[in-house]
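S.K.: See target.tsv below, with TSV, C-alpha atoms (C1' of nucleotides).
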chain	number	residue	atom	x	y	z
A	1	MET	CA	20.06	-33.07	-12.44
A	2	ASP	CA	20.29	-33.04	-16.20
A	3	ALA	CA	21.39	-30.21	-18.44
A	4	VAL	CA	17.92	-28.74	-18.84
A	5	ASP	CA	17.35	-28.59	-15.10
A	6	ARG	CA	20.72	-27.01	-14.45
A	7	LEU	CA	20.14	-24.44	-17.19
A	8	LEU	CA	16.76	-23.52	-15.75
A	9	ALA	CA	18.07	-23.30	-12.20
A	10	SER	CA	20.94	-21.04	-13.27
A	11	THR	CA	18.70	-18.87	-15.41
A	12	ARG	CA	16.27	-18.41	-12.53
A	13	GLU	CA	19.07	-17.39	-10.19
A	14	LEU	CA	20.54	-14.93	-12.67
A	15	LEU	CA	17.18	-13.40	-13.54
A	16	TRP	CA	16.62	-12.88	-9.83
A	17	GLU	CA	20.03	-11.38	-9.20
A	18	ARG	CA	20.60	-9.39	-12.37
A	19	GLY	CA	17.35	-9.24	-14.32
A	20	TYR	CA	16.84	-10.11	-17.96
A	21	VAL	CA	18.97	-7.35	-19.48
A	22	GLY	CA	21.78	-8.12	-17.06
A	23	THR	CA	21.82	-11.84	-17.79
A	24	SER	CA	23.82	-13.23	-20.71
A	25	PRO	CA	23.70	-16.70	-22.25
A	26	LYS	CA	27.39	-17.02	-21.46
A	27	ALA	CA	26.80	-16.36	-17.78
A	28	ILE	CA	24.07	-19.01	-17.76
A	29	GLN	CA	26.41	-21.52	-19.36
A	30	GLN	CA	29.17	-20.81	-16.88
A	31	ARG	CA	26.95	-21.00	-13.82
A	32	SER	CA	25.21	-24.17	-14.96
A	33	GLY	CA	28.31	-25.86	-16.26
A	34	VAL	CA	26.47	-26.62	-19.49
A	35	GLY	CA	28.26	-25.94	-22.77
A	36	GLN	CA	27.31	-23.57	-25.56
A	37	GLY	CA	26.18	-26.22	-28.02
A	38	SER	CA	24.20	-28.06	-25.41
A	39	MET	CA	22.38	-24.93	-24.33
A	40	TYR	CA	21.33	-24.02	-27.85
A	41	HIS	CA	20.30	-27.61	-28.45
A	42	HIS	CA	17.76	-27.50	-25.62
A	43	PHE	CA	16.62	-23.89	-25.92
A	44	ALA	CA	16.18	-21.63	-28.90
A	45	GLY	CA	17.95	-18.72	-27.20
A	46	LYS	CA	17.93	-16.31	-24.32
A	47	SER	CA	14.26	-15.39	-24.41
A	48	ASP	CA	13.20	-19.01	-24.71
A	49	LEU	CA	15.25	-19.92	-21.64
A	50	ALA	CA	13.90	-16.94	-19.76
A	51	LEU	CA	10.32	-17.84	-20.55
A	52	ALA	CA	10.74	-21.34	-19.14
A	53	ALA	CA	12.57	-19.98	-16.09
A	54	ILE	CA	9.94	-17.32	-15.37
A	55	ALA	CA	7.12	-19.83	-15.73
A	56	GLN	CA	8.83	-22.10	-13.19
A	57	SER	CA	9.45	-19.28	-10.72
A	58	GLY	CA	5.87	-18.08	-11.07
A	59	ALA	CA	4.47	-21.55	-10.46
A	60	GLU	CA	6.66	-21.99	-7.41
A	61	LEU	CA	5.61	-18.63	-6.01
A	62	ARG	CA	1.94	-19.53	-6.34
A	63	VAL	CA	2.42	-22.87	-4.65
A	64	SER	CA	4.21	-21.37	-1.69
A	65	ALA	CA	1.64	-18.57	-1.34
A	66	ALA	CA	-1.24	-21.04	-1.63
A	67	THR	CA	0.30	-23.22	1.06
A	68	LEU	CA	-0.02	-20.40	3.58
A	69	LEU	CA	-3.22	-18.84	2.28
A	70	ASN	CA	-5.18	-22.09	2.10
A	71	LYS	CA	-4.48	-23.18	5.65
A	72	PRO	CA	-7.40	-23.41	8.02
A	73	GLY	CA	-7.81	-20.42	10.31
A	74	SER	CA	-9.19	-16.91	10.37
A	75	ALA	CA	-8.84	-14.62	7.39
A	76	ARG	CA	-6.78	-12.20	9.42
A	77	GLY	CA	-4.53	-14.98	10.64
A	78	ARG	CA	-3.81	-16.27	7.16
A	79	ILE	CA	-3.11	-12.81	5.80
A	80	THR	CA	-0.84	-12.01	8.71
A	81	ALA	CA	1.02	-15.28	8.19
A	82	TYR	CA	1.45	-14.51	4.50
A	83	LEU	CA	2.70	-10.99	5.09
A	84	GLN	CA	5.05	-12.07	7.86
A	85	ARG	CA	6.43	-15.19	6.26
A	86	GLU	CA	10.18	-15.28	6.03
A	87	ARG	CA	11.53	-13.82	2.83
A	88	GLU	CA	14.88	-13.00	1.28
A	89	VAL	CA	14.03	-9.34	1.55
A	90	LEU	CA	17.25	-7.87	0.19
A	91	LYS	CA	17.09	-10.13	-2.85
A	92	GLY	CA	13.61	-8.89	-3.64
A	93	CYS	CA	10.82	-10.75	-5.41
A	94	PRO	CA	11.98	-13.00	-8.27
A	95	ILE	CA	8.80	-12.20	-10.18
A	96	GLY	CA	8.20	-8.58	-9.20
A	97	ARG	CA	11.72	-7.52	-10.13
A	98	LEU	CA	11.10	-8.50	-13.73
A	99	THR	CA	8.66	-5.61	-14.06
A	100	GLN	CA	11.68	-3.31	-14.13
A	101	ASP	CA	13.07	-5.04	-17.17
A	102	PRO	CA	12.18	-3.16	-20.35
A	103	ASP	CA	12.82	-6.19	-22.56
A	104	VAL	CA	10.46	-8.32	-20.47
A	105	LEU	CA	7.64	-5.78	-20.58
A	106	ALA	CA	8.15	-5.23	-24.30
A	107	ASP	CA	7.58	-8.93	-24.99
A	108	GLU	CA	4.02	-10.05	-24.29
A	109	THR	CA	5.13	-13.64	-24.03
A	110	LEU	CA	7.55	-12.86	-21.22
A	111	ARG	CA	5.27	-10.42	-19.43
A	112	ARG	CA	2.29	-12.78	-19.33
A	113	PRO	CA	3.59	-15.21	-16.66
A	114	VAL	CA	4.63	-12.23	-14.53
A	115	ASP	CA	1.19	-10.69	-14.83
A	116	GLU	CA	-0.60	-13.97	-14.20
A	117	THR	CA	1.41	-14.72	-11.09
A	118	LEU	CA	0.90	-11.35	-9.43
A	119	GLY	CA	-2.70	-11.29	-10.61
A	120	TRP	CA	-3.30	-14.66	-9.02
A	121	VAL	CA	-1.94	-13.54	-5.65
A	122	ARG	CA	-4.06	-10.38	-5.75
A	123	GLY	CA	-7.13	-12.45	-6.51
A	124	ARG	CA	-6.47	-14.95	-3.76
A	125	LEU	CA	-5.92	-12.18	-1.21
A	126	ALA	CA	-9.15	-10.53	-2.31
A	127	GLU	CA	-11.05	-13.79	-1.78
A	128	ILE	CA	-9.73	-14.13	1.74
A	129	LEU	CA	-10.49	-10.51	2.55
A	130	ALA	CA	-14.03	-11.07	1.30
A	131	GLU	CA	-14.34	-14.12	3.54
A	132	GLY	CA	-13.14	-12.12	6.51
A	133	LYS	CA	-15.61	-9.40	5.73
A	134	GLU	CA	-18.39	-11.96	5.55
A	135	SER	CA	-17.43	-13.45	8.90
A	136	GLY	CA	-17.26	-10.04	10.54
A	137	GLU	CA	-13.48	-10.01	11.01
A	138	PHE	CA	-13.19	-6.93	8.83
A	139	ALA	CA	-15.26	-3.79	8.52
A	140	ALA	CA	-18.36	-4.05	6.37
A	141	ASP	CA	-17.15	-1.29	4.07
A	142	LEU	CA	-13.77	-2.90	3.31
A	143	ASP	CA	-13.10	-3.18	-0.42
A	144	PRO	CA	-11.46	-6.60	-0.91
A	145	ILE	CA	-10.11	-5.91	-4.40
A	146	ALA	CA	-8.56	-2.59	-3.43
A	147	VAL	CA	-7.08	-3.80	-0.15
A	148	ALA	CA	-5.69	-6.91	-1.81
A	149	ALA	CA	-3.83	-4.67	-4.24
A	150	THR	CA	-2.64	-2.56	-1.32
A	151	LEU	CA	-1.25	-5.54	0.57
A	152	LEU	CA	0.61	-6.98	-2.40
A	153	ALA	CA	1.92	-3.51	-3.21
A	154	VAL	CA	3.23	-3.19	0.34
A	155	LEU	CA	5.23	-6.37	-0.14
A	156	GLN	CA	6.59	-5.35	-3.52
A	157	GLY	CA	7.30	-1.80	-2.40
A	158	GLY	CA	8.79	-3.06	0.85
A	159	TYR	CA	11.46	-4.83	-1.19
A	160	VAL	CA	12.20	-1.58	-2.99
A	161	LEU	CA	12.65	0.37	0.24
A	162	ALA	CA	14.78	-2.37	1.77
A	163	ARG	CA	17.08	-2.61	-1.21
A	164	ALA	CA	17.46	1.17	-1.34
A	165	ALA	CA	18.43	1.23	2.34
A	166	ASN	CA	20.45	-1.98	2.15
A	167	SER	CA	18.53	-3.02	5.25
A	168	THR	CA	15.43	-5.06	5.95
A	169	GLU	CA	14.19	-2.43	8.40
A	170	PRO	CA	11.91	-0.39	6.09
A	171	TYR	CA	10.40	-3.61	4.77
A	172	GLU	CA	9.54	-4.71	8.29
A	173	GLN	CA	8.10	-1.30	9.12
A	174	ALA	CA	5.96	-1.35	6.01
A	175	ILE	CA	4.51	-4.78	6.90
A	176	LYS	CA	3.94	-3.71	10.49
A	177	GLY	CA	2.18	-0.55	9.38
A	178	ALA	CA	-0.03	-2.42	6.94
A	179	LEU	CA	-1.10	-4.96	9.55
A	180	SER	CA	-1.81	-2.19	12.05
A	181	LEU	CA	-4.02	-0.39	9.53
A	182	LEU	CA	-5.91	-3.60	8.81
A	183	ARG	CA	-7.05	-3.71	12.43
B	184	MET	CA	21.03	23.82	-23.30
B	185	ASP	CA	24.72	23.00	-23.30
B	186	ALA	CA	26.35	19.61	-23.73
B	187	VAL	CA	26.37	18.82	-20.01
B	188	ASP	CA	22.68	19.54	-19.64
B	189	ARG	CA	21.77	17.47	-22.65
B	190	LEU	CA	23.91	14.58	-21.42
B	191	LEU	CA	22.26	14.67	-18.03
B	192	ALA	CA	18.75	14.90	-19.46
B	193	SER	CA	19.37	11.93	-21.76
B	194	THR	CA	20.99	9.88	-19.03
B	195	ARG	CA	18.05	10.50	-16.72
B	196	GLU	CA	15.59	9.42	-19.38
B	197	LEU	CA	17.53	6.28	-20.20
B	198	LEU	CA	18.02	5.32	-16.57
B	199	TRP	CA	14.29	5.67	-16.10
B	200	GLU	CA	13.39	3.67	-19.19
B	201	ARG	CA	16.09	1.01	-19.19
B	202	GLY	CA	17.95	1.14	-15.88
B	203	TYR	CA	21.68	1.36	-15.34
B	204	VAL	CA	22.61	-2.01	-16.79
B	205	GLY	CA	20.44	-1.36	-19.83
B	206	THR	CA	21.93	2.05	-20.56
B	207	SER	CA	25.09	2.39	-22.64
B	208	PRO	CA	27.31	5.41	-23.13
B	209	LYS	CA	26.67	5.13	-26.83
B	210	ALA	CA	22.91	5.35	-26.32
B	211	ILE	CA	23.41	8.45	-24.18
B	212	GLN	CA	25.51	10.06	-26.89
B	213	GLN	CA	22.97	9.31	-29.58
B	214	ARG	CA	19.99	10.57	-27.62
B	215	SER	CA	21.75	13.72	-26.46
B	216	GLY	CA	23.42	14.45	-29.77
B	217	VAL	CA	26.71	14.93	-27.91
B	218	GLY	CA	29.80	13.25	-29.35
B	219	GLN	CA	32.02	10.64	-27.80
B	220	GLY	CA	34.96	12.90	-27.07
B	221	SER	CA	32.76	15.58	-25.65
B	222	MET	CA	31.03	13.17	-23.32
B	223	TYR	CA	34.28	11.82	-21.93
B	224	HIS	CA	35.59	15.34	-21.59
B	225	HIS	CA	32.74	16.32	-19.23
B	226	PHE	CA	32.29	13.03	-17.41
B	227	ALA	CA	34.73	10.35	-16.34
B	228	GLY	CA	32.51	7.55	-17.62
B	229	LYS	CA	29.18	5.82	-17.30
B	230	SER	CA	29.03	5.65	-13.52
B	231	ASP	CA	30.06	9.29	-13.17
B	232	LEU	CA	27.27	10.35	-15.51
B	233	ALA	CA	24.80	8.13	-13.72
B	234	LEU	CA	25.73	9.59	-10.35
B	235	ALA	CA	25.06	13.13	-11.52
B	236	ALA	CA	21.82	12.07	-13.20
B	237	ILE	CA	20.54	10.19	-10.15
B	238	ALA	CA	21.37	13.11	-7.87
B	239	GLN	CA	19.38	15.43	-10.11
B	240	SER	CA	16.39	13.11	-10.30
B	241	GLY	CA	16.45	12.62	-6.55
B	242	ALA	CA	16.54	16.35	-5.88
B	243	GLU	CA	13.67	16.91	-8.28
B	244	LEU	CA	11.60	14.19	-6.66
B	245	ARG	CA	12.07	15.73	-3.23
B	246	VAL	CA	11.11	19.17	-4.43
B	247	SER	CA	7.92	17.96	-6.04
B	248	ALA	CA	7.00	15.87	-2.99
B	249	ALA	CA	7.76	18.78	-0.64
B	250	THR	CA	5.57	21.08	-2.70
B	251	LEU	CA	2.53	18.94	-1.97
B	252	LEU	CA	3.45	17.84	1.53
B	253	ASN	CA	4.28	21.33	2.81
B	254	LYS	CA	1.02	22.93	1.73
B	255	PRO	CA	-1.27	24.21	4.43
B	256	GLY	CA	-4.12	21.89	5.33
B	257	SER	CA	-4.90	18.83	7.35
B	258	ALA	CA	-2.46	15.95	7.61
B	259	ARG	CA	-4.91	13.63	5.97
B	260	GLY	CA	-5.54	16.07	3.16
B	261	ARG	CA	-1.84	16.47	2.38
B	262	ILE	CA	-1.22	12.74	2.44
B	263	THR	CA	-4.21	12.09	0.24
B	264	ALA	CA	-3.03	14.74	-2.21
B	265	TYR	CA	0.44	13.18	-2.29
B	266	LEU	CA	-0.85	9.66	-2.86
B	267	GLN	CA	-3.31	10.77	-5.50
B	268	ARG	CA	-1.12	13.16	-7.40
B	269	GLU	CA	-0.82	12.45	-11.08
B	270	ARG	CA	2.05	10.12	-11.95
B	271	GLU	CA	3.41	8.35	-14.99
B	272	VAL	CA	2.38	5.08	-13.46
B	273	LEU	CA	3.45	2.74	-16.25
B	274	LYS	CA	6.89	4.33	-16.39
B	275	GLY	CA	7.38	3.71	-12.69
B	276	CYS	CA	9.47	5.70	-10.24
B	277	PRO	CA	12.74	7.05	-11.67
B	278	ILE	CA	14.41	6.55	-8.30
B	279	GLY	CA	12.70	3.41	-7.05
B	280	ARG	CA	13.42	1.49	-10.25
B	281	LEU	CA	17.14	1.83	-9.64
B	282	THR	CA	16.85	-0.50	-6.66
B	283	GLN	CA	16.48	-3.35	-9.15
B	284	ASP	CA	19.84	-2.57	-10.69
B	285	PRO	CA	22.55	-4.83	-9.27
B	286	ASP	CA	25.34	-2.49	-10.39
B	287	VAL	CA	23.70	0.45	-8.61
B	288	LEU	CA	23.27	-1.43	-5.34
B	289	ALA	CA	26.80	-2.79	-5.53
B	290	ASP	CA	28.22	0.73	-5.68
B	291	GLU	CA	27.72	2.66	-2.45
B	292	THR	CA	28.21	5.94	-4.27
B	293	LEU	CA	25.34	5.25	-6.62
B	294	ARG	CA	23.06	3.72	-4.01
B	295	ARG	CA	23.41	6.62	-1.56
B	296	PRO	CA	21.31	9.20	-3.45
B	297	VAL	CA	18.63	6.57	-4.00
B	298	ASP	CA	18.58	5.73	-0.31
B	299	GLU	CA	18.60	9.36	0.76
B	300	THR	CA	15.74	10.30	-1.51
B	301	LEU	CA	13.42	7.49	-0.45
B	302	GLY	CA	14.52	7.93	3.16
B	303	TRP	CA	13.66	11.61	3.01
B	304	VAL	CA	10.14	10.92	1.73
B	305	ARG	CA	9.58	8.31	4.41
B	306	GLY	CA	10.71	10.76	7.06
B	307	ARG	CA	8.54	13.56	5.79
B	308	LEU	CA	5.47	11.31	5.65
B	309	ALA	CA	6.20	10.17	9.20
B	310	GLU	CA	6.34	13.80	10.40
B	311	ILE	CA	2.97	14.55	8.86
B	312	LEU	CA	1.43	11.38	10.26
B	313	ALA	CA	2.74	12.41	13.70
B	314	GLU	CA	1.18	15.84	13.30
B	315	GLY	CA	-2.13	14.26	12.36
B	316	LYS	CA	-1.95	12.00	15.36
B	317	GLU	CA	-1.26	15.00	17.60
B	318	SER	CA	-4.23	16.89	16.20
B	319	GLY	CA	-6.53	13.91	16.62
B	320	GLU	CA	-6.98	13.21	12.91
B	321	PHE	CA	-5.47	9.76	13.33
B	322	ALA	CA	-5.83	7.11	15.99
B	323	ALA	CA	-3.68	7.58	19.07
B	324	ASP	CA	-1.99	4.23	18.54
B	325	LEU	CA	-0.90	4.92	14.95
B	326	ASP	CA	2.83	4.31	14.44
B	327	PRO	CA	4.02	7.16	12.17
B	328	ILE	CA	7.30	5.52	11.15
B	329	ALA	CA	5.68	2.23	10.26
B	330	VAL	CA	2.74	3.73	8.40
B	331	ALA	CA	5.01	6.11	6.51
B	332	ALA	CA	6.95	3.09	5.25
B	333	THR	CA	3.66	1.41	4.36
B	334	LEU	CA	2.44	4.36	2.32
B	335	LEU	CA	5.65	4.77	0.35
B	336	ALA	CA	5.74	1.00	-0.20
B	337	VAL	CA	2.21	1.14	-1.60
B	338	LEU	CA	3.36	3.69	-4.16
B	339	GLN	CA	6.47	1.77	-5.12
B	340	GLY	CA	4.65	-1.55	-5.17
B	341	GLY	CA	1.75	-0.02	-7.05
B	342	TYR	CA	4.12	0.74	-9.91
B	343	VAL	CA	5.25	-2.89	-9.89
B	344	LEU	CA	1.68	-4.21	-10.11
B	345	ALA	CA	0.76	-1.72	-12.82
B	346	ARG	CA	3.76	-2.56	-14.97
B	347	ALA	CA	3.12	-6.29	-14.58
B	348	ALA	CA	-0.48	-5.80	-15.70
B	349	ASN	CA	0.38	-3.19	-18.30
B	350	SER	CA	-2.47	-1.19	-16.79
B	351	THR	CA	-2.77	1.55	-14.19
B	352	GLU	CA	-5.72	-0.24	-12.59
B	353	PRO	CA	-3.89	-2.19	-9.86
B	354	TYR	CA	-1.97	0.95	-8.93
B	355	GLU	CA	-5.19	2.88	-8.48
B	356	GLN	CA	-6.72	0.06	-6.44
B	357	ALA	CA	-3.66	-0.06	-4.20
B	358	ILE	CA	-3.87	3.69	-3.49
B	359	LYS	CA	-7.60	3.50	-2.93
B	360	GLY	CA	-7.19	0.61	-0.50
B	361	ALA	CA	-4.43	2.37	1.40
B	362	LEU	CA	-6.48	5.54	1.82
B	363	SER	CA	-9.49	3.54	2.95
B	364	LEU	CA	-7.39	1.76	5.60
B	365	LEU	CA	-6.06	5.08	6.84
B	366	ARG	CA	-9.56	6.13	7.78
C	367	DG	C1'	23.43	-34.37	-27.25
C	368	DT	C1'	27.69	-31.97	-26.77
C	369	DC	C1'	31.92	-29.71	-28.55
C	370	DT	C1'	34.71	-26.08	-30.82
C	371	DA	C1'	35.09	-22.43	-34.39
C	372	DT	C1'	33.57	-18.41	-36.23
C	373	DA	C1'	31.20	-14.08	-36.79
C	374	DA	C1'	28.82	-9.57	-36.68
C	375	DC	C1'	27.87	-6.38	-33.45
C	376	DG	C1'	27.78	-3.52	-29.14
C	377	DG	C1'	29.93	-1.92	-24.57
C	378	DG	C1'	33.01	1.04	-22.45
C	379	DA	C1'	36.70	3.29	-22.78
C	380	DT	C1'	41.66	5.62	-24.29
C	381	DA	C1'	44.60	8.49	-27.54
C	382	DG	C1'	45.72	12.06	-29.94
C	383	DA	C1'	44.50	15.38	-33.68
C	384	DC	C1'	42.07	19.71	-34.40
D	385	DG	C1'	35.82	21.38	-26.01
D	386	DT	C1'	34.95	18.35	-29.73
D	387	DC	C1'	36.25	14.94	-33.36
D	388	DT	C1'	37.83	10.50	-35.24
D	389	DA	C1'	40.49	6.32	-34.77
D	390	DT	C1'	41.47	2.40	-32.23
D	391	DC	C1'	41.16	-1.30	-28.81
D	392	DC	C1'	39.74	-5.23	-26.08
D	393	DC	C1'	36.21	-7.71	-24.47
D	394	DG	C1'	31.34	-9.40	-24.03
D	395	DT	C1'	26.89	-10.53	-26.37
D	396	DT	C1'	24.18	-13.60	-28.93
D	397	DA	C1'	24.06	-16.37	-31.77
D	398	DT	C1'	25.13	-20.03	-36.21
D	399	DA	C1'	27.77	-24.01	-38.38
D	400	DG	C1'	29.45	-28.11	-38.56
D	401	DA	C1'	32.41	-31.81	-36.47
D	402	DC	C1'	32.28	-35.61	-33.06
Using structure tokens, write down the structure that the file contains.

M.R.:
Amino acid sequence: MDAVDRLLASTRELLWERGYVGTSPKAIQQRSGVGQGSMYHHFAGKSDLALAAIAQSGAELRVSAATLLNKPGSARGRITAYLQREREVLKGCPIGRLTQDPDVLADETLRRPVDETLGWVRGRLAEILAEGKESGEFAADLDPIAVAATLLAVLQGGYVLARAANSTEPYEQAIKGALSLLR
Amino acid sequence: MDAVDRLLASTRELLWERGYVGTSPKAIQQRSGVGQGSMYHHFAGKSDLALAAIAQSGAELRVSAATLLNKPGSARGRITAYLQREREVLKGCPIGRLTQDPDVLADETLRRPVDETLGWVRGRLAEILAEGKESGEFAADLDPIAVAATLLAVLQGGYVLARAANSTEPYEQAIKGALSLLR
DNA sequence: GTCTATAACGGGATAGAC
DNA sequence: GTCTATCCCGTTATAGAC
């Protein structure tokens, strides 16, 4: 793993753990083992590093969501699998957490990959809900766009409740409740 | 408004806007117009100020939730009113946002009021869902604890989606979807 | 490409005068 | 109670040598 890869890996970890405001270039250097000069040779600065790291995390999130959501099977089955997939609940969502970072939201360049990633998941969920509606799995009056937003919000909000409680329990309840309502 | 009140008001605003990590004692002093010495006379330091501010915000959130949830009326009506009440969506939840702050979660003293506030709302929603189940408004197999977690997660996650998109639209869709599923 | 030196500024507080 | 001075350390770079 070269310097660039180690810098990106460390930046992604730190953004996940501490957010953008809570992450310093020095901390990135220490965690990655890459020196000051080397870091500024490869990246223009903190925001440049963060942009590359967020783009990578967003791409990875889409791939792993697509893997589950594109599988063959019923719409309900795929959505259930996606909602119930194993997650590091107490760590939260590496993309969603960035929405609490004022400096990320204030910078269109940094916010865009966050928006695109969550927007993509919402869209993909809506497509599957529409398929399930078509095939008669879901009620004819189900609104795919609205319910897709609801389901992704349950995930993102589930992280919030779990972190507040320092327990995965509320997250699991929230998922369980959402799946029961979808019946 | 005396110095203490102005310090607390400013701290609450800054915690809401920038989180704990993003809020400095100096910023609090400048926004409140209270001097350095005065601040450290009334509060032991940043975490002490934050604790008092979080407790106040949590108490206020409970009061405003209770106001809507305790009104007379059907269970469904009260829950709908709570979910649809006007909110500063793009600012997010002043309590929920603190769950993204590593220094808040790492300190039991600071995390407790966050946990208690969100836990209280979950509990109150569960009580109302149970009442509605009793009265036949909701299906007999509805799980009040799980669905209460789902509804609060939709709110908290709705903020996340809205801030990512820099638009209240996904928040409104998430609420709409949740209410439609509750039917 | 990577290293060390330097720098201007902010964070988070303590000390003691008034 | 409030003010100013002081302190040490971290942040976020830039400069230039190797």

S.K.: Could you state the separation of CA of Glu108 in chain A and CA of Pro208 in chain B in Å, given to one decimal place?

M.R.: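 A separation of 28.0 Å between them.
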
S.K.: Please tabulate, as a tab-separated table, the residues of chain B that come within 9 Å of chain A, each with its closest pair of atoms and the distance in Å to one decimal, counting only C-alpha atoms and ordering rows by chain, then residue number upward.

M.R.:
residue	atom	partner	partner_atom	distance
B:Glu200	CA	A:Pro102	CA	7.0
B:Arg201	CA	A:Pro102	CA	5.8
B:Gly202	CA	A:Gln100	CA	7.9
B:Val204	CA	A:Gly22	CA	6.2
B:Gly205	CA	A:Val21	CA	6.2
B:Gly275	CA	A:Gln100	CA	8.4
B:Gly279	CA	A:Val160	CA	6.5
B:Arg280	CA	A:Gln100	CA	6.4
B:Leu281	CA	A:Ala164	CA	8.3
B:Thr282	CA	A:Ala164	CA	5.6
B:Gln283	CA	A:Arg97	CA	6.4
B:Asp284	CA	A:Arg18	CA	7.1
B:Pro285	CA	A:Arg18	CA	5.8
B:Asp286	CA	A:Arg18	CA	8.6
B:Leu288	CA	A:Ala164	CA	7.5
B:Arg294	CA	A:Ala164	CA	6.7
B:Arg295	CA	A:Ala164	CA	8.1
B:Val297	CA	A:Ala164	CA	6.1
B:Asp298	CA	A:Ala164	CA	4.8
B:Glu299	CA	A:Ala165	CA	8.3
B:Leu301	CA	A:Leu161	CA	7.2
B:Gly302	CA	A:Ala165	CA	7.8
B:Leu325	CA	A:Ser180	CA	7.7
B:Asp326	CA	A:Gly177	CA	7.0
B:Pro327	CA	A:Gly177	CA	8.4
B:Ile328	CA	A:Gln173	CA	7.2
B:Ala329	CA	A:Gln173	CA	4.4
B:Val330	CA	A:Gly177	CA	4.4
B:Ala331	CA	A:Ala174	CA	7.5
B:Ala332	CA	A:Ala174	CA	4.6
B:Thr333	CA	A:Ala174	CA	4.0
B:Leu334	CA	A:Ala174	CA	7.7
B:Leu335	CA	A:Gly157	CA	7.3
B:Ala336	CA	A:Gly157	CA	3.9
B:Val337	CA	A:Val154	CA	4.9
B:Leu338	CA	A:Gly157	CA	7.0
B:Gln339	CA	A:Gly157	CA	4.6
B:Gly340	CA	A:Gly157	CA	3.8
B:Gly341	CA	A:Ala153	CA	5.2
B:Tyr342	CA	A:Ala153	CA	8.2
B:Val343	CA	A:Thr99	CA	6.0
B:Leu344	CA	A:Ala153	CA	6.9
B:Ala345	CA	A:Thr99	CA	8.9
B:Arg346	CA	A:Thr99	CA	5.8
B:Ala347	CA	A:Asp115	CA	4.8
B:Ala348	CA	A:Asp115	CA	5.2
B:Asn349	CA	A:Leu105	CA	8.0
B:Pro353	CA	A:Ala149	CA	6.1
B:Tyr354	CA	A:Ala149	CA	7.6
B:Glu355	CA	A:Ala146	CA	8.2
B:Gln356	CA	A:Ala146	CA	4.4
B:Ala357	CA	A:Thr150	CA	3.9
B:Ile358	CA	A:Thr150	CA	6.7
B:Lys359	CA	A:Ala146	CA	6.2
B:Gly360	CA	A:Val147	CA	4.4
B:Ala361	CA	A:Thr150	CA	5.9
B:Ser363	CA	A:Leu142	CA	7.7
B:Leu364	CA	A:Leu181	CA	5.6
B:Leu365	CA	A:Leu181	CA	6.4
B:Arg366	CA	A:Leu181	CA	8.7

S.K.: If we count all atoms listed in the file and set the cut-off at 10 Å, which residues sit around Lys133 in chain A, ignoring sequence neighbours fewer than 3 positions away in its own chain? Please answer as an mmCIF file with C-alpha atoms, in the coordinates of the input.

M.R.:
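Output file part36.cif is given in full below:
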data_model
loop_
_atom_site.group_PDB
_atom_site.id
_atom_site.type_symbol
_atom_site.label_atom_id
_atom_site.label_comp_id
_atom_site.auth_asym_id
_atom_site.auth_seq_id
_atom_site.Cartn_x
_atom_site.Cartn_y
_atom_site.Cartn_z
ATOM 1 C CA ALA A 75 -8.840 -14.620 7.390
ATOM 2 C CA ARG A 76 -6.780 -12.200 9.420
ATOM 3 C CA GLU A 127 -11.050 -13.790 -1.780
ATOM 4 C CA ILE A 128 -9.730 -14.130 1.740
ATOM 5 C CA LEU A 129 -10.490 -10.510 2.550
ATOM 6 C CA ALA A 130 -14.030 -11.070 1.300
ATOM 7 C CA GLY A 136 -17.260 -10.040 10.540
ATOM 8 C CA GLU A 137 -13.480 -10.010 11.010
ATOM 9 C CA PHE A 138 -13.190 -6.930 8.830
ATOM 10 C CA ALA A 139 -15.260 -3.790 8.520
ATOM 11 C CA ALA A 140 -18.360 -4.050 6.370
ATOM 12 C CA ASP A 141 -17.150 -1.290 4.070
ATOM 13 C CA LEU A 142 -13.770 -2.900 3.310
ATOM 14 C CA ASP A 143 -13.100 -3.180 -0.420
ATOM 15 C CA PRO A 144 -11.460 -6.600 -0.910
#

S.K.: Please, which residues of chain D lie no more than 10 Å from chain B when the count uses only C-alpha atoms (C1' of nucleotides), and can they be set out as a list in words?

M.R.: DG385, DT386, DC387 and DT388 of chain D

S.K.: Smallest atom-to-atom distance to chain C: which of A:Glu86, A:Ala9, A:Tyr40, A:Ser74, using only C-alpha atoms (C1' of nucleotides)?

M.R.: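 Closest candidate: A:Tyr40.
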
S.K.: Which of these, B:Gly306, B:Gly216, B:Gly256, B:Gly228, has the shortest distance to chain C once you count all atoms listed in the file?

M.R.: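 Closest candidate: B:Gly228.
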
S.K.: Record the distance separating CA of Ala309 in chain B and CA of Pro277 in chain B, expressed in Å with one decimal.

M.R.: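 Those two atoms sit 22.1 Å apart.
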
S.K.: Mind pulling up the distance from CA of Ile28 in chain A to CA of Lys229 in chain B?

M.R.: 25.4 Å

S.K.: Per residue of chain C within 10 Å of chain B, note the shortest atom pair and the distance in Å to one decimal, counting only C-alpha atoms (C1' of nucleotides), and order the rows by chain and increasing residue number, as CSV.

M.R.:
residue,atom,partner,partner_atom,distance
C:DG376,C1',B:Lys209,CA,9.0
C:DG377,C1',B:Ser207,CA,6.8
C:DG378,C1',B:Pro208,CA,7.2
C:DA379,C1',B:Gly228,CA,7.9
C:DT380,C1',B:Tyr223,CA,9.9

S.K.: Would you compute the box with edges along x, y and z of the file around range 389-402 of chain D, including every atom the file lists for it and 6 Å extra on each side, and give its centre and edge lengths in Å to one decimal, as AutoDock Vina command-line options?

M.R.:
--center_x 32.8 --center_y -14.6 --center_z -31.3 --size_x 29.4 --size_y 53.9 --size_z 26.5
